[in-house]
Amino acid sequence: MNRDETLKWFEEIARKPIQMVQSSMGQKWYDQNEAVAWLTEAHSALESVFPPGHPVNRSWQSIVGSAAKHPSNLSTLDLVDGARGVFRSAHDQLKNGRLGSIADGIFAESVSELLDQAQALNDKNYVVAAAVIAGGALESHLLHLCRKSQLTWSGDGSIEKYNGAMGQARNAGTEIYSVTYGKMVTAWGGIRNEAAHAPASFARSPQEVGSMILGIREFVARHE
């Protein structure tokens, strides 16, 4: 789903009305079925765009989370109006051009999760798997940097191809990362290739693979 489609989806949800009900005693609440349907769709939209730790999702959880255990609470004025306020804030952020940074946050989180998996495997001496997964995280991040900078490369993508595209950009005056980091990327790619193509003879120690994982993690943090 692209930015325009996402904005249209959020706009439709933001405008969707929820019927209000009033008792003979003057007490007001929202129609439960309509309120639950709106909350469900709004929650799906937020989770599809904003990373779990984003303030928007934390605010939504603080308002709606505990009430979800008791469906009758999901139609109260305070809860629905509060949820609508959070959703309006999210919608405004998207309209104001924050979608790119939000997508970057989601991507960074997925790369970090891969590196966490690699570290957990390395801690158990599964060095081949750890090196392959860490290399995959690096390759994914390099692809992200290439796309972000609108760089091109020939043939299928790889650590070497993406690093080469970054080197060409550097030579042309656009430095995405330094020559030193380029050499480090080459070295990490070499370790990944050793693990992926010759696992039976892979001779790297857990300390070497651990240094690779740490180096990639620092590289990703410095070059978002």
# chains A, B, ... in the order shown; residues from 1 in each chain; ligands from 1

call {"tool": "residues_around", "arguments": {"residues": "Trp38 in chain A", "least_positions_apart": "5", "cutoff": "10 Å", "atoms": "only C-alpha atoms", "output": "tab-separated table (two decimals) with C-alpha atoms, in the first residue's frame"}}
result
chain	number	residue	atom	x	y	z
A	13	ILE	CA	-11.79	5.67	8.89
A	14	ALA	CA	-11.50	9.15	10.40
A	16	LYS	CA	-16.73	7.08	9.51
A	17	PRO	CA	-19.60	7.97	11.88
A	18	ILE	CA	-20.60	5.96	14.96
A	32	GLN	CA	-21.56	-1.10	20.67
A	33	ASN	CA	-21.42	-2.93	17.34
A	43	HIS	CA	-6.41	-0.46	15.26
A	44	SER	CA	-5.58	-2.47	12.12
A	80	VAL	CA	-14.26	6.07	21.84
A	83	ALA	CA	-9.40	6.60	20.59
A	84	ARG	CA	-10.63	8.96	17.91

call {"tool": "select_by_dssp", "arguments": {"residues": "range 14-167 of chain A", "states": "alpha helix (DSSP H)", "output": "PyMOL selection string"}}
result
chain A and resi 14-15+32-49+55-60+77-95+99-123+127-148+159-167

call {"tool": "atom_distance", "arguments": {"atom1": "CA of Glu5 in chain A", "atom2": "CA of Glu34 in chain A"}}
result
23.6 Å

call {"tool": "atom_distance", "arguments": {"atom1": "CA of Asn57 in chain A", "atom2": "CA of Leu214 in chain A"}}
result
29.3 Å

call {"tool": "closest_residue", "arguments": {"among": "A:Ser154, A:Gln27, A:Asn171, A:Ser112", "to": "Ile133 in chain A", "atoms": "only C-alpha atoms"}}
result
A:Ser112

call {"tool": "residues_around", "arguments": {"residues": "Ala67 in chain A", "least_positions_apart": "6", "cutoff": "10 Å", "atoms": "only C-alpha atoms", "output": "ChimeraX atom specification"}}
result
/A:61,73-76,79

call {"tool": "atom_distance", "arguments": {"atom1": "CA of Ser140 in chain A", "atom2": "CA of Gly167 in chain A"}}
result
17.2 Å

call {"tool": "closest_residue", "arguments": {"among": "A:Val209, A:Ala90, A:Val220, A:Val56", "to": "Lys124 in chain A", "atoms": "only C-alpha atoms"}}
result
A:Val209

call {"tool": "closest_residue", "arguments": {"among": "A:Gly65, A:Leu46, A:Val127, A:Phe219", "to": "Thr180 in chain A", "atoms": "only C-alpha atoms"}}
result
A:Phe219

call {"tool": "residues_around", "arguments": {"residues": "Trp188 in chain A", "least_positions_apart": "5", "cutoff": "12 Å", "atoms": "only C-alpha atoms", "output": "PyMOL selection string"}}
result
chain A and resi 131-139+159-160+163+181-183+193-195+204+208-217+219

call {"tool": "residues_around", "arguments": {"residues": "Arg170 in chain A", "least_positions_apart": "4", "cutoff": "12 Å", "atoms": "only C-alpha atoms", "output": "mmCIF file with N, CA and C atoms, in the first residue's frame"}}
result
data_model
loop_
_atom_site.group_PDB
_atom_site.id
_atom_site.type_symbol
_atom_site.label_atom_id
_atom_site.label_comp_id
_atom_site.auth_asym_id
_atom_site.auth_seq_id
_atom_site.Cartn_x
_atom_site.Cartn_y
_atom_site.Cartn_z
ATOM 1 N N SER A 149 18.657 6.474 -1.378
ATOM 2 C CA SER A 149 19.492 7.418 -2.125
ATOM 3 C C SER A 149 19.284 7.310 -3.628
ATOM 4 N N LEU A 151 19.926 4.892 -5.756
ATOM 5 C CA LEU A 151 21.078 4.346 -6.474
ATOM 6 C C LEU A 151 20.655 3.113 -7.269
ATOM 7 N N ASN A 163 27.197 -2.359 -1.992
ATOM 8 C CA ASN A 163 28.380 -1.644 -1.525
ATOM 9 C C ASN A 163 29.085 -0.952 -2.693
ATOM 10 N N GLY A 164 29.108 -1.615 -3.838
ATOM 11 C CA GLY A 164 29.702 -1.022 -5.029
ATOM 12 C C GLY A 164 28.946 0.213 -5.488
ATOM 13 N N ALA A 165 27.602 0.143 -5.439
ATOM 14 C CA ALA A 165 26.787 1.304 -5.822
ATOM 15 C C ALA A 165 27.051 2.473 -4.887
ATOM 16 N N MET A 166 27.236 2.166 -3.597
ATOM 17 C CA MET A 166 27.540 3.210 -2.629
ATOM 18 C C MET A 166 28.921 3.806 -2.905
ATOM 19 N N THR A 174 28.779 12.007 -3.583
ATOM 20 C CA THR A 174 27.722 11.772 -2.594
ATOM 21 C C THR A 174 28.158 10.657 -1.661
ATOM 22 N N GLU A 175 28.602 11.019 -0.464
ATOM 23 C CA GLU A 175 29.082 10.011 0.475
ATOM 24 C C GLU A 175 27.967 9.574 1.410
ATOM 25 N N ILE A 176 27.545 8.341 1.266
ATOM 26 C CA ILE A 176 26.531 7.763 2.147
ATOM 27 C C ILE A 176 27.203 7.159 3.359
ATOM 28 N N TYR A 177 28.339 6.527 3.134
ATOM 29 C CA TYR A 177 29.233 6.140 4.227
ATOM 30 C C TYR A 177 30.666 6.144 3.696
ATOM 31 N N SER A 178 31.625 6.151 4.604
ATOM 32 C CA SER A 178 33.025 6.375 4.252
ATOM 33 C C SER A 178 33.677 5.158 3.587
ATOM 34 N N VAL A 179 34.866 5.387 3.040
ATOM 35 C CA VAL A 179 35.656 4.303 2.452
ATOM 36 C C VAL A 179 35.967 3.250 3.510
ATOM 37 N N THR A 180 36.267 3.701 4.723
ATOM 38 C CA THR A 180 36.564 2.763 5.817
ATOM 39 C C THR A 180 35.392 1.834 6.067
ATOM 40 N N TYR A 181 34.182 2.394 6.129
ATOM 41 C CA TYR A 181 33.004 1.550 6.318
ATOM 42 C C TYR A 181 32.786 0.639 5.110
ATOM 43 N N GLY A 182 33.131 1.135 3.928
ATOM 44 C CA GLY A 182 32.998 0.299 2.741
ATOM 45 C C GLY A 182 33.871 -0.944 2.828
#

call {"tool": "closest_residue", "arguments": {"among": "A:Tyr126, A:Gly157, A:Trp29, A:Tyr162", "to": "Asp78 in chain A", "atoms": "only C-alpha atoms"}}
result
A:Trp29

call {"tool": "closest_residue", "arguments": {"among": "A:Lys28, A:Arg192, A:Arg15, A:His223", "to": "Ala129 in chain A", "atoms": "only C-alpha atoms"}}
result
A:Arg192

call {"tool": "decode", "arguments": {"residues": "range 71-165 of chain A", "atoms": "C-alpha atoms", "output": "mmCIF file, in the first residue's frame"}}
result
data_model
loop_
_atom_site.group_PDB
_atom_site.id
_atom_site.type_symbol
_atom_site.label_atom_id
_atom_site.label_comp_id
_atom_site.auth_asym_id
_atom_site.auth_seq_id
_atom_site.Cartn_x
_atom_site.Cartn_y
_atom_site.Cartn_z
ATOM 1 C CA PRO A 71 -16.498 -5.389 25.404
ATOM 2 C CA SER A 72 -19.238 -3.344 27.051
ATOM 3 C CA ASN A 73 -16.609 -0.721 27.936
ATOM 4 C CA LEU A 74 -15.674 -0.230 24.296
ATOM 5 C CA SER A 75 -18.739 1.891 23.600
ATOM 6 C CA THR A 76 -18.302 4.513 26.330
ATOM 7 C CA LEU A 77 -17.963 8.142 25.259
ATOM 8 C CA ASP A 78 -14.619 8.604 27.007
ATOM 9 C CA LEU A 79 -13.010 5.572 25.398
ATOM 10 C CA VAL A 80 -14.263 6.075 21.843
ATOM 11 C CA ASP A 81 -13.601 9.825 21.856
ATOM 12 C CA GLY A 82 -10.111 9.207 23.252
ATOM 13 C CA ALA A 83 -9.399 6.595 20.589
ATOM 14 C CA ARG A 84 -10.628 8.959 17.911
ATOM 15 C CA GLY A 85 -8.244 11.595 19.214
ATOM 16 C CA VAL A 86 -5.286 9.224 18.917
ATOM 17 C CA PHE A 87 -6.349 8.259 15.416
ATOM 18 C CA ARG A 88 -6.677 11.913 14.370
ATOM 19 C CA SER A 89 -3.137 12.524 15.625
ATOM 20 C CA ALA A 90 -1.857 9.573 13.571
ATOM 21 C CA HIS A 91 -3.745 10.794 10.517
ATOM 22 C CA ASP A 92 -2.249 14.287 10.898
ATOM 23 C CA GLN A 93 1.273 12.838 11.116
ATOM 24 C CA LEU A 94 0.749 10.980 7.853
ATOM 25 C CA LYS A 95 -0.698 14.059 6.118
ATOM 26 C CA ASN A 96 2.272 16.128 7.288
ATOM 27 C CA GLY A 97 4.761 13.851 5.553
ATOM 28 C CA ARG A 98 5.873 11.651 8.435
ATOM 29 C CA LEU A 99 5.139 8.381 6.619
ATOM 30 C CA GLY A 100 8.692 8.055 5.326
ATOM 31 C CA SER A 101 10.293 8.320 8.752
ATOM 32 C CA ILE A 102 7.731 5.934 10.203
ATOM 33 C CA ALA A 103 8.483 3.368 7.487
ATOM 34 C CA ASP A 104 12.178 3.779 8.219
ATOM 35 C CA GLY A 105 11.474 3.051 11.867
ATOM 36 C CA ILE A 106 9.662 -0.156 11.014
ATOM 37 C CA PHE A 107 12.514 -1.239 8.733
ATOM 38 C CA ALA A 108 15.171 -0.464 11.346
ATOM 39 C CA GLU A 109 13.248 -2.515 13.875
ATOM 40 C CA SER A 110 13.145 -5.570 11.564
ATOM 41 C CA VAL A 111 16.913 -5.357 10.906
ATOM 42 C CA SER A 112 17.529 -5.078 14.640
ATOM 43 C CA GLU A 113 15.419 -8.187 15.232
ATOM 44 C CA LEU A 114 17.523 -10.131 12.715
ATOM 45 C CA LEU A 115 20.707 -9.059 14.479
ATOM 46 C CA ASP A 116 19.181 -10.104 17.810
ATOM 47 C CA GLN A 117 18.481 -13.545 16.331
ATOM 48 C CA ALA A 118 22.037 -13.760 15.028
ATOM 49 C CA GLN A 119 23.437 -12.851 18.431
ATOM 50 C CA ALA A 120 21.274 -15.450 20.182
ATOM 51 C CA LEU A 121 22.495 -18.151 17.782
ATOM 52 C CA ASN A 122 26.103 -17.063 18.155
ATOM 53 C CA ASP A 123 25.782 -17.231 21.940
ATOM 54 C CA LYS A 124 24.883 -20.910 21.473
ATOM 55 C CA ASN A 125 27.885 -21.475 19.157
ATOM 56 C CA TYR A 126 25.724 -21.760 16.015
ATOM 57 C CA VAL A 127 28.252 -19.581 14.245
ATOM 58 C CA VAL A 128 27.319 -20.503 10.665
ATOM 59 C CA ALA A 129 23.658 -19.633 11.088
ATOM 60 C CA ALA A 130 24.571 -16.494 13.042
ATOM 61 C CA ALA A 131 26.899 -15.259 10.308
ATOM 62 C CA VAL A 132 24.349 -15.926 7.573
ATOM 63 C CA ILE A 133 21.548 -14.124 9.398
ATOM 64 C CA ALA A 134 23.769 -11.165 10.330
ATOM 65 C CA GLY A 135 24.842 -10.920 6.705
ATOM 66 C CA GLY A 136 21.203 -10.977 5.647
ATOM 67 C CA ALA A 137 20.471 -8.072 7.996
ATOM 68 C CA LEU A 138 23.389 -6.159 6.493
ATOM 69 C CA GLU A 139 22.237 -6.881 2.945
ATOM 70 C CA SER A 140 18.721 -5.694 3.773
ATOM 71 C CA HIS A 141 20.044 -2.456 5.247
ATOM 72 C CA LEU A 142 22.313 -1.805 2.273
ATOM 73 C CA LEU A 143 19.352 -2.277 -0.059
ATOM 74 C CA HIS A 144 17.424 0.218 2.065
ATOM 75 C CA LEU A 145 20.256 2.764 1.781
ATOM 76 C CA CYS A 146 20.477 2.283 -1.979
ATOM 77 C CA ARG A 147 16.745 2.791 -2.457
ATOM 78 C CA LYS A 148 16.711 5.764 -0.110
ATOM 79 C CA SER A 149 19.492 7.418 -2.125
ATOM 80 C CA GLN A 150 17.963 6.291 -5.457
ATOM 81 C CA LEU A 151 21.078 4.346 -6.474
ATOM 82 C CA THR A 152 21.125 1.639 -9.142
ATOM 83 C CA TRP A 153 23.206 -1.512 -9.642
ATOM 84 C CA SER A 154 23.553 -4.145 -12.316
ATOM 85 C CA GLY A 155 22.149 -7.648 -12.033
ATOM 86 C CA ASP A 156 20.781 -9.155 -8.872
ATOM 87 C CA GLY A 157 21.293 -7.367 -5.587
ATOM 88 C CA SER A 158 23.921 -8.469 -3.075
ATOM 89 C CA ILE A 159 26.131 -7.015 -0.366
ATOM 90 C CA GLU A 160 28.890 -6.559 -2.937
ATOM 91 C CA LYS A 161 26.587 -4.926 -5.519
ATOM 92 C CA TYR A 162 25.001 -2.545 -3.014
ATOM 93 C CA ASN A 163 28.380 -1.644 -1.525
ATOM 94 C CA GLY A 164 29.702 -1.022 -5.029
ATOM 95 C CA ALA A 165 26.787 1.304 -5.822
#
